[in-house]
Amino acid sequence: MSRGTRPRSLSHLPPGVLTRSPPPRYNRGTSSRRAALESVLQLVLNGVAVGCIYGLVALGFVLIYKATELVNFAQGDLMMLGAFTCYMFVVWYGVGYWPAFALAVAIVALFGAGLDSAVLRRVLGQPQFAVVMLTIGLGAMFRSFASIVWGSEIYTLPTPFSARATRIAGVTVSHEYVSIIVGTVLLCAALYAFFTFTRVGVAMQAASQNQLAAYYMGIPVKLMFSLIWAISAGVAAIAGILLAPVSLIDINLGFIGLKAFAAAVLGGFGSIPGALAGGVTIGLIELFSGAYLPQGAKDVAAYVVLLLVLAIRPHGMLGTIARKKV
Amino acid sequence: MRFLFKTTYRQDLGLFRDGVQRNWYVALGLGLLVLPALVPAYLVDISLVFIYGLCGVSLMVLAGYTGLVSLGHAAFLGIGAYAHVYFVQDLGLPWVISVALAAAVTAAAGVLVGLPALRMTGIYLTIATLAFALIIQEMLTRWEHVTHGLKGRPVDKPVIFGVSMANDAAFYFLCLVVLIGGLCLTANLLRSPTGRAWVAIRDSEIAAQSMGVNLARYKTLAFAYSAALMGVAGALFAHKIGFLAPDIFSVLLSIQFLLMVVVGGLGSLHGALFGATFVALLPVLISEARDRVPAWAGHVVAVAGKDAASATFLTLDRFVKQPGLEPGLFGLILVLFILFEPLGVYGRWRKVQVYFSTFPLYKRATFRRQKTYMRSERLR
């Protein structure tokens, strides 16, 4: 197996955006202290941006888990499909960035809904293990599909914010990172409003809390599940497209999903704000350990934290699972 | 339908159900003995079937019998492989002692994973083992003093008690003997109190605990035993591939092991072996198909004309030579099995057996699985 199969991290950034900063040295006068502060601020900014991506993918996991109790191991691969679809429209067909963005998200969301009604609905009610294996298999199929359709090279997606940066108070603010953070905030606000204020959103919440009761109340539970899959796939596609200019696009983009797992577990699998908080935490931990710890620590930091959290609080920081009392 | 009426304890203690079953196994054994003479070209692939069989048995104990699904078994394989190569090539220990030590090291790693795993259930455990595997893979990359990092390290052919096993047939028999040993040990363990405790834990942790099964002890034991088997398999695997690099022991390999137990059929040792045969031989089949299918298709389409034939040949040839095809095919097979035959190859085999033994009275409902829409994994 080639090197490409290793889970990747977000370390291949455009030059100058995230240079490995030296460890902070103290008591060397105000200028070096200021430089240390700036490098910390830089790390915080980049960590939050990277963490937002993890958070978005984790959000997809959590939406599906909350609604259907299925754990979707193919979430990262849906993200990859989103990025590739957008790339295809922009570079192959010359569509503008924003229309391509909307088209890609719509296509992947439709695909997610189709996936639910064609495949995943059949395994509802079966042991969780079966579903995990099913989505792992689906993920492998998506990767294979992408490599056949788009090839296994590495692509860059040109965007309106590519390779532009502003310096604010000594911190290089790359527009790509800003786009990720702003996109995440907007998306979360929209999702929050949708789930709280719309009829469909409330019906979805009901369906995810108790399938049977929701069904008795006249909520079309199956349709709700398909919609949730569509939303989750759409969120994954948005994450993929936002990530595309920062990371590069290739068929192994989906392995970021593994780190998003860490984020989802950190926030408790059933909690939506927890997923985002977990994502940002993982992003920050990753970048800081990359800067201040020996080489290699960056790639495993997320997993070490995950293991620690699971060992201390087996159901995540904001977990919703209770042990059955007999 | 035959019912077995047991009259002595000897019948209960025997490994085989009855004489008929024993004779089938003897026939299988004889077949495996003469196999090297029949298909000398595929011996290396069949050795891989045996090694994967051991891996399958290992994961079957954990996932199929104890109900702890691990996505980190490739890491145990890697630990076993590297430990064995280190003991044999750097420390110069004898082969058998080295394998035993490798198994011990891997078992220790298994306990290390098993202890925090005691508090986790279901999907959390799977994710924790996945994280563990990724950490181990990074460690194998970075600990260059022992593993030689990304440069990889070549592995010599096994030499046991001064006898070189460089020959393909010798290695085939080595793997076969180890597999049979592992199978006997596991089969016996599974019908001992330990094995029954594992099955009880799988079916209901709460019920098992109420009956006096020490959950912590038996779960850790399952992890340790499974990891130790994986360590032995790793030692053989190192010799089989002849070159160790950290990238071999990736998540994809763990997924292949899970594929093995699912396709074979969860909860049976037969299933592990069916699955291993399937997973180890599918790449061989695919590579054979890559060479032949375009030509066959060309011949078939040749009826319609020469141009169509060559066009079909070229399109198909380009399609089957895609590097990404194989994992997708694995994925497709996994999806089809879960949707249409969740009990795996072994389940299908049992259905065929029951169909013929109850011939005119077979009922489909015998194997119908109960679906539960109300059960929530949030309450375990």
# chains A, B, ... in the order shown; residues from 1 in each chain; ligands from 1
>>> select_by_dssp(residues="stretch 50-220 of chain B", states="strand (DSSP E or B)", output="list in words")
Arg153, Pro154, Val159, Ile160, Val163 and Ser164 of chain B
>>> closest_residue(among="A:Leu187, A:Leu134, A:Thr68, A:Arg164", to="A:Gly234", atoms="only C-alpha atoms")
A:Leu187
>>> closest_residue(among="B:Gln89, B:Ser226, B:Gln353, B:Thr126", to="chain A", atoms="only C-alpha atoms")
B:Thr126
>>> residues_around(residues="B:Met165", least_positions_apart="4", cutoff="12 Å", atoms="only C-alpha atoms", output="PyMOL selection string")
chain B and resi 95+156-161+169-175+236+239-240
>>> residues_around(residues="A:Ala207", least_positions_apart="6", cutoff="10 Å", atoms="only C-alpha atoms", output="VMD selection string")
chain A and resid 66 to 68 201 213 to 215 217 219 to 222 224 to 225
>>> closest_residue(among="B:Met120, B:Ala228, B:Leu150, B:Leu185", to="B:Leu59", atoms="only C-alpha atoms")
B:Ala228
>>> decode(residues="stretch 186-228 of chain A", atoms="C-alpha atoms", output="tab-separated table (two decimals), in the first residue's frame")
chain	number	residue	atom	x	y	z
A	186	LEU	CA	-23.10	31.15	9.09
A	187	LEU	CA	-23.88	27.49	8.55
A	188	CYS	CA	-24.32	26.83	12.25
A	189	ALA	CA	-26.58	29.83	12.65
A	190	ALA	CA	-28.67	28.64	9.71
A	191	LEU	CA	-28.88	25.10	11.08
A	192	TYR	CA	-29.80	26.38	14.53
A	193	ALA	CA	-32.56	28.54	13.11
A	194	PHE	CA	-33.79	25.66	10.98
A	195	PHE	CA	-34.01	23.19	13.84
A	196	THR	CA	-35.58	25.66	16.25
A	197	PHE	CA	-37.96	27.77	14.23
A	198	THR	CA	-39.20	25.76	11.27
A	199	ARG	CA	-41.90	23.09	11.37
A	200	VAL	CA	-39.72	20.61	9.52
A	201	GLY	CA	-36.84	21.23	11.85
A	202	VAL	CA	-38.94	20.58	14.93
A	203	ALA	CA	-40.40	17.47	13.29
A	204	MET	CA	-36.84	16.24	12.69
A	205	GLN	CA	-35.98	16.76	16.33
A	206	ALA	CA	-39.06	14.79	17.30
A	207	ALA	CA	-38.19	11.97	14.92
A	208	SER	CA	-34.71	11.74	16.34
A	209	GLN	CA	-35.88	11.70	19.94
A	210	ASN	CA	-38.39	8.93	19.53
A	211	GLN	CA	-39.02	7.33	16.16
A	212	LEU	CA	-42.17	5.50	17.16
A	213	ALA	CA	-43.83	8.38	19.00
A	214	ALA	CA	-43.03	10.74	16.15
A	215	TYR	CA	-44.57	8.27	13.73
A	216	TYR	CA	-47.76	8.10	15.79
A	217	MET	CA	-47.93	11.90	15.76
A	218	GLY	CA	-48.10	11.81	11.98
A	219	ILE	CA	-44.54	12.82	11.24
A	220	PRO	CA	-43.22	11.10	8.09
A	221	VAL	CA	-40.22	9.60	9.87
A	222	LYS	CA	-38.66	8.04	6.77
A	223	LEU	CA	-38.77	11.32	4.91
A	224	MET	CA	-37.26	13.07	7.91
A	225	PHE	CA	-34.38	10.60	7.96
A	226	SER	CA	-33.73	11.17	4.26
A	227	LEU	CA	-33.77	14.92	4.89
A	228	ILE	CA	-31.33	14.56	7.75
